[in-house]
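J.: Next up, coords_14.txt (compact mmCIF, C-alpha atoms and all ligand atoms).
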# COMPACT_ATOMS: atom_id res chain seq x y z
CA MET I 9 -2.33 -27.34 4.72
CA SER I 10 -2.26 -24.80 1.87
CA ARG I 11 -5.44 -24.26 -0.10
CA MET I 12 -5.76 -26.69 -3.05
CA GLU I 13 -5.50 -24.98 -6.44
CA PRO I 14 -6.44 -26.35 -9.89
CA PRO I 15 -3.34 -27.81 -11.68
CA GLN I 16 -3.07 -25.03 -14.27
CA GLN I 17 -3.04 -22.37 -11.55
CA THR I 18 -0.43 -24.27 -9.54
CA SER I 19 1.91 -24.49 -12.57
CA LEU I 20 1.39 -20.76 -13.35
CA ALA I 21 2.07 -19.84 -9.72
CA HIS I 22 5.06 -22.21 -9.75
CA GLU I 23 6.42 -20.66 -12.96
CA THR I 24 6.00 -17.14 -11.59
CA GLU I 25 7.73 -18.17 -8.38
CA LEU I 26 10.67 -19.62 -10.36
CA MET I 27 11.03 -16.39 -12.37
CA GLU I 28 10.88 -14.34 -9.17
CA ARG I 29 13.57 -16.50 -7.59
CA ARG I 30 15.79 -16.15 -10.69
CA MET I 31 15.28 -12.35 -10.62
CA LEU I 32 16.16 -12.12 -6.92
CA GLU I 33 19.23 -14.34 -7.54
CA GLU I 34 20.30 -12.04 -10.42
CA ILE I 35 19.90 -8.97 -8.19
CA LYS I 36 21.97 -10.67 -5.47
CA ARG I 37 24.61 -11.87 -7.99
CA ARG I 38 25.14 -8.35 -9.32
CA ARG I 39 25.22 -6.88 -5.79
CA ASP I 40 27.76 -9.51 -4.57
CA ALA I 41 29.91 -8.91 -7.68
CA GLY I 42 29.92 -5.21 -6.91
CA GLN I 43 28.04 -4.69 -10.16
CA ASP I 44 24.88 -3.46 -8.51
CA SER I 45 24.47 -1.38 -11.59
CA TRP I 46 21.42 -1.95 -13.65
CA ALA I 47 20.59 0.00 -16.79
CA LEU I 48 17.59 0.60 -19.01
CA GLU I 49 18.98 -1.85 -21.61
CA ASP I 50 18.57 -4.67 -19.06
CA PHE I 51 14.81 -4.38 -19.59
CA GLU I 52 12.29 -4.76 -22.41
CA ILE I 53 9.78 -1.92 -22.00
CA GLY I 54 6.07 -2.70 -22.34
CA CYS I 55 2.88 -0.69 -22.01
CA PRO I 56 2.44 2.34 -19.70
CA LEU I 57 0.74 1.39 -16.42
CA GLY I 58 0.08 4.86 -15.11
CA ARG I 59 1.70 8.08 -14.13
CA GLY I 60 2.79 9.46 -10.80
CA LYS I 61 3.47 13.13 -10.03
CA PHE I 62 7.07 13.01 -11.28
CA GLY I 63 7.10 10.44 -14.01
CA ARG I 64 5.50 7.39 -15.54
CA VAL I 65 5.30 3.70 -14.67
CA TYR I 66 5.74 1.06 -17.39
CA LEU I 67 5.30 -2.67 -17.46
CA ALA I 68 8.78 -4.06 -18.25
CA ARG I 69 10.56 -7.40 -18.36
CA GLU I 70 14.09 -8.16 -17.23
CA LYS I 71 15.88 -9.65 -20.27
CA ILE I 72 17.78 -12.53 -18.60
CA THR I 73 15.09 -13.87 -16.25
CA LYS I 74 12.06 -12.65 -18.27
CA TYR I 75 10.64 -11.47 -14.92
CA PRO I 76 7.88 -8.82 -15.24
CA VAL I 77 8.41 -5.64 -13.25
CA ALA I 78 6.88 -2.19 -12.92
CA LEU I 79 9.52 0.34 -14.00
CA LYS I 80 8.91 3.77 -12.44
CA LEU I 81 10.74 6.58 -14.25
CA LEU I 82 11.31 9.84 -12.36
CA VAL I 83 12.72 12.92 -14.10
CA LYS I 84 15.54 14.45 -12.06
CA ASN I 85 14.73 18.04 -13.07
CA GLU I 86 11.12 17.62 -11.89
CA LEU I 87 12.31 16.20 -8.57
CA VAL I 88 14.66 19.14 -8.03
CA LYS I 89 12.03 21.68 -9.14
CA HIS I 90 9.56 20.33 -6.57
CA GLU I 91 12.27 19.77 -3.90
CA MET I 92 11.37 16.05 -3.82
CA GLU I 93 14.88 14.56 -3.80
CA GLU I 94 14.82 13.99 -0.01
CA GLN I 95 11.33 12.40 -0.21
CA LEU I 96 12.49 10.04 -3.00
CA THR I 97 15.60 9.07 -1.02
CA ARG I 98 13.37 8.28 1.97
CA GLU I 99 10.94 6.27 -0.25
CA ILE I 100 13.84 4.18 -1.65
CA GLU I 101 15.44 3.70 1.79
CA ILE I 102 12.16 2.63 3.40
CA GLN I 103 10.65 0.50 0.63
CA SER I 104 13.90 -1.35 -0.16
CA HIS I 105 14.16 -2.56 3.44
CA LEU I 106 10.51 -3.53 3.96
CA LYS I 107 9.99 -7.19 3.00
CA HIS I 108 6.40 -8.43 3.46
CA GLU I 109 4.00 -10.34 1.21
CA ASN I 110 1.52 -7.44 1.31
CA ILE I 111 4.04 -4.65 0.63
CA LEU I 112 4.99 -3.94 -2.98
CA GLN I 113 8.70 -4.70 -3.12
CA LEU I 114 11.28 -2.25 -4.46
CA LEU I 115 13.62 -4.74 -6.19
CA THR I 116 16.36 -2.31 -7.14
CA TYR I 117 16.92 1.13 -8.63
CA PHE I 118 19.35 2.89 -10.96
CA VAL I 119 19.91 6.31 -12.53
CA ASP I 120 21.01 7.76 -15.85
CA GLU I 121 21.91 11.35 -16.69
CA LYS I 122 18.35 12.67 -16.50
CA ARG I 123 16.21 10.05 -14.77
CA VAL I 124 15.86 7.84 -11.70
CA PHE I 125 14.44 4.33 -12.32
CA LEU I 126 12.70 2.32 -9.58
CA VAL I 127 12.35 -1.41 -10.38
CA LEU I 128 9.22 -2.43 -8.52
CA GLU I 129 7.31 -5.69 -8.12
CA TYR I 130 4.51 -5.87 -10.72
CA ALA I 131 0.99 -6.27 -9.33
CA SER I 132 -0.84 -7.74 -12.30
CA LYS I 133 -4.40 -7.10 -11.10
CA GLY I 134 -3.88 -3.35 -10.86
CA GLU I 135 -5.16 -0.74 -8.43
CA LEU I 136 -7.64 -1.45 -5.64
CA PHE I 137 -9.66 1.69 -6.38
CA ARG I 138 -10.35 0.45 -9.93
CA GLU I 139 -11.54 -2.92 -8.58
CA LEU I 140 -13.68 -1.08 -6.01
CA ASN I 141 -15.23 1.23 -8.63
CA ALA I 142 -15.98 -1.78 -10.85
CA GLN I 143 -18.18 -3.37 -8.16
CA LYS I 144 -21.98 -3.14 -8.12
CA HIS I 145 -22.75 -0.06 -5.96
CA ARG I 146 -18.93 0.51 -5.98
CA ARG I 147 -18.52 -1.46 -2.74
CA PHE I 148 -17.34 -4.91 -1.63
CA GLU I 149 -19.23 -7.58 0.26
CA GLU I 150 -17.92 -8.33 3.78
CA PRO I 151 -15.67 -11.35 2.96
CA LYS I 152 -13.51 -9.49 0.41
CA CYS I 153 -13.36 -6.39 2.66
CA ALA I 154 -12.27 -8.53 5.62
CA LYS I 155 -9.49 -10.19 3.57
CA TYR I 156 -8.17 -6.84 2.30
CA ILE I 157 -8.33 -5.15 5.72
CA TYR I 158 -6.50 -8.11 7.29
CA GLN I 159 -3.73 -7.88 4.67
CA VAL I 160 -3.43 -4.06 4.94
CA ALA I 161 -3.22 -4.33 8.74
CA SER I 162 -0.60 -7.08 8.42
CA ALA I 163 1.48 -4.93 6.03
CA LEU I 164 1.20 -1.84 8.25
CA GLN I 165 2.18 -3.90 11.32
CA ALA I 166 5.38 -4.83 9.44
CA CYS I 167 5.96 -1.12 8.71
CA HIS I 168 5.36 -0.14 12.34
CA ASP I 169 7.68 -2.94 13.54
CA CYS I 170 10.39 -1.15 11.50
CA GLN I 171 9.38 2.24 12.98
CA VAL I 172 7.89 3.29 9.61
CA ILE I 173 4.60 5.19 9.26
CA HIS I 174 3.01 5.00 5.79
CA ARG I 175 0.74 8.09 6.26
CA ASP I 176 -1.04 7.80 2.89
CA ILE I 177 -3.09 4.61 2.95
CA LYS I 178 -6.01 4.87 0.47
CA PRO I 179 -7.37 2.67 -2.36
CA GLU I 180 -5.24 4.55 -4.93
CA ASN I 181 -2.06 3.43 -3.14
CA ILE I 182 -3.04 -0.22 -2.86
CA LEU I 183 -2.41 -2.72 -5.66
CA ILE I 184 -3.63 -6.27 -6.22
CA SER I 185 -1.28 -9.15 -7.09
CA ALA I 186 -1.92 -11.96 -9.56
CA ARG I 187 -3.08 -14.12 -6.62
CA GLY I 188 -5.59 -11.44 -5.53
CA ASP I 189 -3.56 -10.30 -2.53
CA ILE I 190 -3.03 -6.73 -1.35
CA LYS I 191 0.25 -4.91 -2.10
CA ILE I 192 0.52 -1.51 -0.39
CA ALA I 193 2.64 0.89 -2.46
CA ASP I 194 3.71 4.51 -2.79
CA PHE I 195 5.84 5.14 0.29
CA GLY I 196 6.38 8.72 -0.89
CA TRP I 197 4.77 10.16 2.25
CA SER I 198 6.14 7.54 4.67
CA VAL I 199 8.53 8.52 7.50
CA HIS I 200 10.49 6.91 10.25
CA ASN I 201 8.50 7.20 13.46
CA SER I 202 10.33 9.57 15.80
CA SER I 203 8.06 8.76 18.79
CA GLN I 204 6.08 11.93 18.08
CA THR I 205 6.60 12.99 14.46
CA LYS I 206 7.05 16.71 14.46
CA ARG I 207 4.84 19.27 12.75
CA ARG I 208 5.13 19.47 8.95
CA LYS I 209 4.89 22.44 6.62
CA THR I 210 2.37 20.75 4.35
CA ILE I 211 -0.40 18.33 5.21
CA CYS I 212 0.40 14.92 3.72
CA GLY I 213 -2.07 12.22 2.91
CA THR I 214 -5.45 12.54 1.24
CA GLU I 215 -8.05 14.85 2.80
CA HIS I 216 -10.75 12.21 3.37
CA TYR I 217 -8.21 9.89 5.02
CA LEU I 218 -6.59 12.50 7.30
CA ALA I 219 -6.61 11.70 11.02
CA PRO I 220 -7.75 14.45 13.45
CA GLU I 221 -4.17 15.03 14.69
CA MET I 222 -3.05 15.59 11.06
CA VAL I 223 -5.96 17.99 10.38
CA LYS I 224 -4.94 19.97 13.49
CA ASN I 225 -1.26 19.78 12.34
CA MET I 226 -0.36 18.30 15.71
CA GLU I 227 2.46 15.85 16.35
CA HIS I 228 1.45 12.41 15.17
CA THR I 229 2.56 8.80 15.58
CA HIS I 230 2.15 5.50 13.72
CA LEU I 231 -1.47 5.53 14.95
CA VAL I 232 -2.42 7.76 12.01
CA ASP I 233 -2.19 4.56 9.92
CA ASN I 234 -4.69 2.84 12.26
CA TRP I 235 -7.16 5.69 11.60
CA CYS I 236 -6.67 5.17 7.82
CA VAL I 237 -7.49 1.45 8.19
CA GLY I 238 -10.83 2.52 9.72
CA ILE I 239 -11.54 4.93 6.85
CA LEU I 240 -10.51 2.27 4.31
CA CYS I 241 -12.75 -0.39 5.90
CA TYR I 242 -15.71 2.03 5.77
CA GLU I 243 -14.99 2.95 2.12
CA LEU I 244 -14.63 -0.69 0.98
CA LEU I 245 -18.03 -1.54 2.54
CA VAL I 246 -19.94 1.67 1.70
CA GLY I 247 -18.29 2.98 -1.51
CA ARG I 248 -17.47 6.40 -0.06
CA THR I 249 -15.48 7.73 2.90
CA PRO I 250 -17.32 8.50 6.19
CA PHE I 251 -16.56 12.25 6.47
CA GLU I 252 -17.06 13.39 2.86
CA SER I 253 -18.49 16.91 2.81
CA LYS I 254 -19.24 19.80 0.44
CA SER I 255 -16.15 21.72 1.59
CA SER I 256 -12.76 20.96 3.14
CA PRO I 257 -13.51 22.96 6.34
CA GLU I 258 -16.73 20.96 6.83
CA ALA I 259 -14.85 17.68 6.16
CA PHE I 260 -12.15 18.64 8.68
CA ARG I 261 -14.82 19.54 11.25
CA ARG I 262 -16.48 16.14 10.81
CA ILE I 263 -13.11 14.34 11.03
CA CYS I 264 -12.31 16.07 14.35
CA LYS I 265 -15.73 15.05 15.75
CA ALA I 266 -15.44 11.51 14.26
CA HIS I 267 -19.23 11.11 14.21
CA ILE I 268 -19.87 8.14 11.88
CA ASP I 269 -23.15 7.56 10.01
CA PHE I 270 -23.51 3.91 8.92
CA PRO I 271 -25.89 2.84 6.14
CA PRO I 272 -28.47 0.24 7.36
CA TYR I 273 -26.78 -2.65 5.49
CA ILE I 274 -23.54 -2.33 7.52
CA GLY I 275 -23.43 -5.18 10.06
CA THR I 276 -22.76 -4.93 13.80
CA LEU I 277 -19.25 -6.44 13.65
CA ALA I 278 -18.13 -4.09 10.87
CA ARG I 279 -19.55 -1.08 12.78
CA ASP I 280 -17.68 -2.21 15.90
CA LEU I 281 -14.34 -2.52 14.06
CA ILE I 282 -14.68 0.82 12.23
CA THR I 283 -15.82 2.68 15.38
CA LYS I 284 -12.87 1.30 17.41
CA LEU I 285 -10.44 2.57 14.74
CA LEU I 286 -12.03 6.00 14.11
CA GLN I 287 -11.30 7.32 17.61
CA VAL I 288 -10.22 10.98 17.86
CA LYS I 289 -7.64 10.18 20.55
CA PRO I 290 -4.87 8.09 18.83
CA GLU I 291 -4.25 6.07 22.01
CA ASP I 292 -7.93 4.92 22.00
CA ARG I 293 -7.63 3.30 18.54
CA LEU I 294 -7.55 -0.48 18.11
CA CYS I 295 -4.00 -1.72 17.53
CA LEU I 296 -3.29 -3.55 14.26
CA LYS I 297 -2.89 -6.97 15.93
CA GLU I 298 -6.39 -6.52 17.45
CA VAL I 299 -7.69 -5.54 13.99
CA MET I 300 -6.33 -8.81 12.54
CA MET I 301 -8.07 -10.78 15.34
CA HIS I 302 -11.32 -8.76 15.36
CA PRO I 303 -14.53 -10.88 15.04
CA PHE I 304 -15.41 -9.12 11.77
CA ILE I 305 -12.08 -10.29 10.25
CA VAL I 306 -12.02 -13.75 11.85
CA LYS I 307 -15.59 -14.42 10.72
CA HIS I 308 -14.64 -13.96 7.05
CA TRP I 309 -10.86 -14.42 6.87
CA PRO I 310 -9.95 -17.01 9.51
CA LEU I 311 -6.38 -18.24 9.62
CA LYS I 312 -7.17 -21.88 8.78
CA SER I 313 -3.73 -23.04 9.75
CA VAL I 314 -0.23 -21.91 10.50
CA ASP I 315 0.37 -22.16 6.72
CA ASP I 316 -1.93 -19.15 6.34
CA ALA I 317 -0.13 -17.00 8.89
CA PRO I 318 1.69 -13.96 7.43
CA LYS I 319 5.04 -15.13 6.06
CA PRO I 320 8.24 -13.10 6.38
CA ALA I 321 9.36 -12.01 2.90
CA LYS I 322 11.82 -14.23 0.99
CL1 LIG D 1 4.19 0.45 -9.13
C1 LIG D 1 3.06 -0.60 -9.91
C2 LIG D 1 3.21 -1.98 -9.75
N1 LIG D 1 2.36 -2.85 -10.33
C3 LIG D 1 1.34 -2.36 -11.08
N2 LIG D 1 0.37 -3.01 -11.75
C4 LIG D 1 -0.39 -2.04 -12.35
C5 LIG D 1 -1.54 -2.35 -13.18
C6 LIG D 1 -1.90 -3.59 -13.60
N3 LIG D 1 -3.03 -3.43 -14.32
C7 LIG D 1 -3.82 -4.48 -14.99
N4 LIG D 1 -3.37 -2.15 -14.39
C8 LIG D 1 -2.45 -1.47 -13.68
C9 LIG D 1 -2.47 0.01 -13.52
N5 LIG D 1 0.05 -0.80 -12.08
C10 LIG D 1 1.14 -0.98 -11.28
C11 LIG D 1 2.02 -0.07 -10.68
N6 LIG D 1 1.82 1.31 -10.85
C12 LIG D 1 1.67 2.15 -9.73
C13 LIG D 1 1.41 3.55 -10.31
C14 LIG D 1 0.67 4.48 -9.38
N7 LIG D 1 0.12 3.81 -8.26
C15 LIG D 1 0.92 3.64 -7.16
C16 LIG D 1 0.26 3.02 -5.99
O1 LIG D 1 2.09 3.95 -7.15
C17 LIG D 1 0.67 3.26 -11.56
C18 LIG D 1 1.11 1.90 -11.99
Could you quickly redo this structure as structure tokens?
Ligand code: FH3
T.:
Amino acid sequence: MSRMEPPQQTSLAHETELMERRMLEEIKRRRDAGQDSWALEDFEIGCPLGRGKFGRVYLAREKITKYPVALKLLVKNELVKHEMEEQLTREIEIQSHLKHENILQLLTYFVDEKRVFLVLEYASKGELFRELNAQKHRRFEEPKCAKYIYQVASALQACHDCQVIHRDIKPENILISARGDIKIADFGWSVHNSSQTKRRKTICGTEHYLAPEMVKNMEHTHLVDNWCVGILCYELLVGRTPFESKSSPEAFRRICKAHIDFPPYIGTLARDLITKLLQVKPEDRLCLKEVMMHPFIVKHWPLKSVDDAPKPAK
């Protein structure tokens, strides 16, 4: 039994779903007709939503279906200058094949002479870190944290099932949909899991979210994402990350020791979940399916029925 919603919300959700279906049908129609070519004139451009390293993101609307999208513009020269072409190709390849209700969908993409355009699902409630910073004491109560951690773990499980490691989970890379659900985004640092991903030239991910094996530039696996879920859970409940320090060397030292200080208001179940994720040895970390069934999650975000179970994408 799905949760009852007030009539006006049902009709809004229904209308949005109809527009989404029309947009997906239009994408499929063009692909089947061999006209998988989209162009800027297919969209009405709205307000800027933000800027990434290599371009801007605008709210836009597809002209035929009126479906709102986030249009990410990347400047080719900038991509070449920063040797990011391969990373963009990987981001498009990975995100276009990942279909999950908690993963921001890459609907399609196209290029013109100077730019690459990514047509992304629009998450109308914006970035998780803004919602977090807007809270009293800049932290969530347990129920909202449990819901978000469940949905992040569900999305990452879908990535791992496709041999994809995100590697840059943090509030800045998580968006919130109109229905208040998580949408993980920015697969710019994601990779296909080659059993033990080899050493990299540069450390990827954000310092406070780096797993010990990344700090030590050792080979790493999908379990780096499990570490990030532990850091994220701590930050959503406390309002800061657990190993923040005055200097990077001190932060890295604390990460490699994984000694966690909990404020007094953090409950036993939350401490248990976070501690079981922030294990120095990757193989000791809780797996994502255990995260989704952990007492801290089940207490606040129980799957009331099969209807609530994670649905494969449309
Ligand atoms: Cl890619 C993308 C998709 N949906 C979004 N919704 C918003 C947004 C909505 N409000 C009310 N405020 C904002 C902001 N932004 C987006 C959006 N991007 C992502 C880009 C950088 N962040 C990531 C994770 O890529 C900035 C806007």
J.: Can you tell me, as an MDAnalysis selection string, what residues are no more than 9 Å from range 230-244 of chain I when counting only C-alpha atoms, ignoring any on the same chain fewer than 5 positions away?
T.: chainID I and resid 140 146:150 152:154 156:157 160:161 164 168 171:179 201 203:205 216:222 249:251 270 278:279 281:288 290:291 293:296
J.: Pull the closest atom pair for each residue of chain I that gets at most 6 Å from ligand LIG 1 (chain D), along with the distance in Å to one decimal, counting all atoms listed in the file, ordering rows by chain and then ascending residue number, as CSV.
T.:
residue,atom,partner,partner_atom,distance
I:Leu57,CA,D:LIG1,C18,4.5
I:Gly58,CA,D:LIG1,C17,3.9
I:Arg59,CA,D:LIG1,C17,5.6
I:Gly60,CA,D:LIG1,C14,5.6
I:Val65,CA,D:LIG1,C18,5.3
I:Ala78,CA,D:LIG1,C2,4.9
I:Leu128,CA,D:LIG1,CL1,5.8
I:Glu129,CA,D:LIG1,C2,5.8
I:Tyr130,CA,D:LIG1,N1,3.7
I:Ala131,CA,D:LIG1,N1,3.8
I:Ser132,CA,D:LIG1,C6,4.5
I:Lys133,CA,D:LIG1,C7,4.7
I:Gly134,CA,D:LIG1,C6,3.4
I:Glu135,CA,D:LIG1,C9,5.8
I:Glu180,CA,D:LIG1,C16,5.8
I:Asn181,CA,D:LIG1,C16,3.7
I:Ile182,CA,D:LIG1,C16,5.6
I:Ala193,CA,D:LIG1,C16,4.8
I:Asp194,CA,D:LIG1,O1,4.7
J.: Using C-alpha atoms, can you write the selected residues to a file as a PDB file, keeping the file's coordinate frame?
T.:
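And here's result_4.pdb as it stands now:
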ATOM      1  CA  LEU I  57       0.740   1.390 -16.420  1.00  0.00           C
ATOM      2  CA  GLY I  58       0.080   4.860 -15.110  1.00  0.00           C
ATOM      3  CA  ARG I  59       1.700   8.080 -14.130  1.00  0.00           C
ATOM      4  CA  GLY I  60       2.790   9.460 -10.800  1.00  0.00           C
ATOM      5  CA  VAL I  65       5.300   3.700 -14.670  1.00  0.00           C
ATOM      6  CA  ALA I  78       6.880  -2.190 -12.920  1.00  0.00           C
ATOM      7  CA  LEU I 128       9.220  -2.430  -8.520  1.00  0.00           C
ATOM      8  CA  GLU I 129       7.310  -5.690  -8.120  1.00  0.00           C
ATOM      9  CA  TYR I 130       4.510  -5.870 -10.720  1.00  0.00           C
ATOM     10  CA  ALA I 131       0.990  -6.270  -9.330  1.00  0.00           C
ATOM     11  CA  SER I 132      -0.840  -7.740 -12.300  1.00  0.00           C
ATOM     12  CA  LYS I 133      -4.400  -7.100 -11.100  1.00  0.00           C
ATOM     13  CA  GLY I 134      -3.880  -3.350 -10.860  1.00  0.00           C
ATOM     14  CA  GLU I 135      -5.160  -0.740  -8.430  1.00  0.00           C
ATOM     15  CA  GLU I 180      -5.240   4.550  -4.930  1.00  0.00           C
ATOM     16  CA  ASN I 181      -2.060   3.430  -3.140  1.00  0.00           C
ATOM     17  CA  ILE I 182      -3.040  -0.220  -2.860  1.00  0.00           C
ATOM     18  CA  ALA I 193       2.640   0.890  -2.460  1.00  0.00           C
ATOM     19  CA  ASP I 194       3.710   4.510  -2.790  1.00  0.00           C
TER      20      ASP I 194
END
J.: One decimal, Å: what's the distance from CA of Asn85 in chain I over to CA of Gly63 in chain I, could you say?
T.: 10.8 Å
J.: In Å, with one decimal, what is the gap from CA of Asp50 in chain I to CA of Lys89 in chain I?
T.: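 Between CA of Asp50 in chain I and CA of Lys89 in chain I the gap is 28.9 Å.
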J.: Hey, can you check how far CA of Val124 in chain I sits from CA of Glu28 in chain I?
T.: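 Distance between the two atoms: 22.9 Å.
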J.: Go through I:Phe62, I:Glu227, I:Val246, I:Asp189 one by one, measure the shortest atom-to-atom distance of each to Glu86 in chain I using all atoms listed in the file, and give the residue with the smallest value.
T.: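 With all atoms listed in the file as the atom set, the closest residue is I:Phe62.
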J.: Compare I:Tyr117, I:Glu258, I:Tyr75, I:Ile192 by their minimum atom-to-atom distance to Cys167 in chain I, counting only C-alpha atoms, and give me the closest one.
T.: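 Selected residue with least distance to Cys167 in chain I: I:Ile192.
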J.: Between I:Trp46, I:Ile268, I:Asn141, I:Ser162, which residue has the minimum interatomic distance to Val119 in chain I, considering only C-alpha atoms?
T.: I:Trp46
J.: I:Thr24, I:Phe137, I:Phe118, I:Ile111: which is nearest Glu49 in chain I, counting all atoms listed in the file?
T.: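 Residue with the minimum atom-to-atom distance to Glu49 in chain I: I:Phe118.
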J.: I'd like to know which of I:His228, I:Lys144, I:Arg30, I:Arg38 is closest to Glu70 in chain I, using only C-alpha atoms.
T.: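 Using only C-alpha atoms, Glu70 in chain I sits closest to I:Arg30.
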J.: Measuring between all atoms listed in the file, which one of I:Gly42, I:Pro151, I:Ala47, I:Lys289 shows the shortest distance to Lys307 in chain I?
T.: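 Checking each candidate against Lys307 in chain I, we get I:Pro151 as the closest.
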J.: For range 276-287 of chain I, what centre and edge lengths in Å (one decimal) does the axis-aligned box get once 3 Å is added on each side of all its listed atoms, as lines of an AutoDock Vina configuration file?
T.:
center_x = -16.6
center_y = 0.4
center_z = 14.2
size_x = 18.3
size_y = 19.8
size_z = 12.7
J.: Leaving out Arg98 in chain I and any residue of its chain fewer than 3 positions from it, which residues lie within 12 Å of it when counting all atoms listed in the file, given as a CSV table (one decimal) with C-alpha atoms, keeping the file's coordinate frame?
T.:
chain,number,residue,atom,x,y,z
I,92,MET,CA,11.4,16.0,-3.8
I,93,GLU,CA,14.9,14.6,-3.8
I,94,GLU,CA,14.8,14.0,0.0
I,95,GLN,CA,11.3,12.4,-0.2
I,101,GLU,CA,15.4,3.7,1.8
I,102,ILE,CA,12.2,2.6,3.4
I,103,GLN,CA,10.6,0.5,0.6
I,104,SER,CA,13.9,-1.4,-0.2
I,105,HIS,CA,14.2,-2.6,3.4
I,172,VAL,CA,7.9,3.3,9.6
I,173,ILE,CA,4.6,5.2,9.3
I,174,HIS,CA,3.0,5.0,5.8
I,194,ASP,CA,3.7,4.5,-2.8
I,195,PHE,CA,5.8,5.1,0.3
I,196,GLY,CA,6.4,8.7,-0.9
I,197,TRP,CA,4.8,10.2,2.2
I,198,SER,CA,6.1,7.5,4.7
I,199,VAL,CA,8.5,8.5,7.5
I,200,HIS,CA,10.5,6.9,10.2
J.: Using all atoms listed in the file, which residues sit within 9 Å of Lys122 in chain I once same-chain residues fewer than 6 positions away are excluded, as number ranges by chain?
T.: I: 82-85
J.: Give me range 234-239 of chain I with all heavy atoms filled in, as an mmCIF file, keeping the file's coordinate frame.
T.:
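Writing the result to rebuild-v8.cif gives the following:
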data_model
loop_
_atom_site.group_PDB
_atom_site.id
_atom_site.type_symbol
_atom_site.label_atom_id
_atom_site.label_comp_id
_atom_site.auth_asym_id
_atom_site.auth_seq_id
_atom_site.Cartn_x
_atom_site.Cartn_y
_atom_site.Cartn_z
ATOM 1 N N ASN I 234 -3.539 3.584 11.723
ATOM 2 C CA ASN I 234 -4.690 2.840 12.260
ATOM 3 C C ASN I 234 -5.997 3.552 11.910
ATOM 4 O O ASN I 234 -6.990 2.918 11.539
ATOM 5 C CB ASN I 234 -4.572 2.684 13.783
ATOM 6 C CG ASN I 234 -3.352 1.892 14.191
ATOM 7 O OD1 ASN I 234 -2.254 2.123 13.646
ATOM 8 N ND2 ASN I 234 -3.478 0.976 15.127
ATOM 9 N N TRP I 235 -5.988 4.888 12.004
ATOM 10 C CA TRP I 235 -7.160 5.690 11.600
ATOM 11 C C TRP I 235 -7.491 5.396 10.131
ATOM 12 O O TRP I 235 -8.650 5.135 9.782
ATOM 13 C CB TRP I 235 -6.870 7.173 11.801
ATOM 14 C CG TRP I 235 -7.926 8.095 11.251
ATOM 15 C CD1 TRP I 235 -8.040 8.545 9.953
ATOM 16 C CD2 TRP I 235 -9.029 8.687 11.964
ATOM 17 N NE1 TRP I 235 -9.139 9.373 9.828
ATOM 18 C CE2 TRP I 235 -9.756 9.477 11.042
ATOM 19 C CE3 TRP I 235 -9.467 8.625 13.292
ATOM 20 C CZ2 TRP I 235 -10.896 10.196 11.409
ATOM 21 C CZ3 TRP I 235 -10.609 9.344 13.658
ATOM 22 C CH2 TRP I 235 -11.308 10.127 12.720
ATOM 23 N N CYS I 236 -6.451 5.388 9.265
ATOM 24 C CA CYS I 236 -6.670 5.170 7.820
ATOM 25 C C CYS I 236 -7.259 3.789 7.543
ATOM 26 O O CYS I 236 -8.069 3.620 6.629
ATOM 27 C CB CYS I 236 -5.355 5.329 7.060
ATOM 28 S SG CYS I 236 -4.774 7.022 6.985
ATOM 29 N N VAL I 237 -6.898 2.800 8.371
ATOM 30 C CA VAL I 237 -7.490 1.450 8.190
ATOM 31 C C VAL I 237 -8.999 1.520 8.461
ATOM 32 O O VAL I 237 -9.793 0.890 7.754
ATOM 33 C CB VAL I 237 -6.809 0.428 9.120
ATOM 34 C CG1 VAL I 237 -7.507 -0.930 9.057
ATOM 35 C CG2 VAL I 237 -5.330 0.243 8.724
ATOM 36 N N GLY I 238 -9.390 2.348 9.430
ATOM 37 C CA GLY I 238 -10.830 2.520 9.720
ATOM 38 C C GLY I 238 -11.556 3.193 8.568
ATOM 39 O O GLY I 238 -12.643 2.748 8.158
ATOM 40 N N ILE I 239 -10.932 4.237 8.018
ATOM 41 C CA ILE I 239 -11.540 4.930 6.850
ATOM 42 C C ILE I 239 -11.630 3.969 5.678
ATOM 43 O O ILE I 239 -12.659 3.873 4.997
ATOM 44 C CB ILE I 239 -10.705 6.167 6.443
ATOM 45 C CG1 ILE I 239 -10.584 7.170 7.587
ATOM 46 C CG2 ILE I 239 -11.287 6.814 5.191
ATOM 47 C CD1 ILE I 239 -11.848 7.936 7.905
#
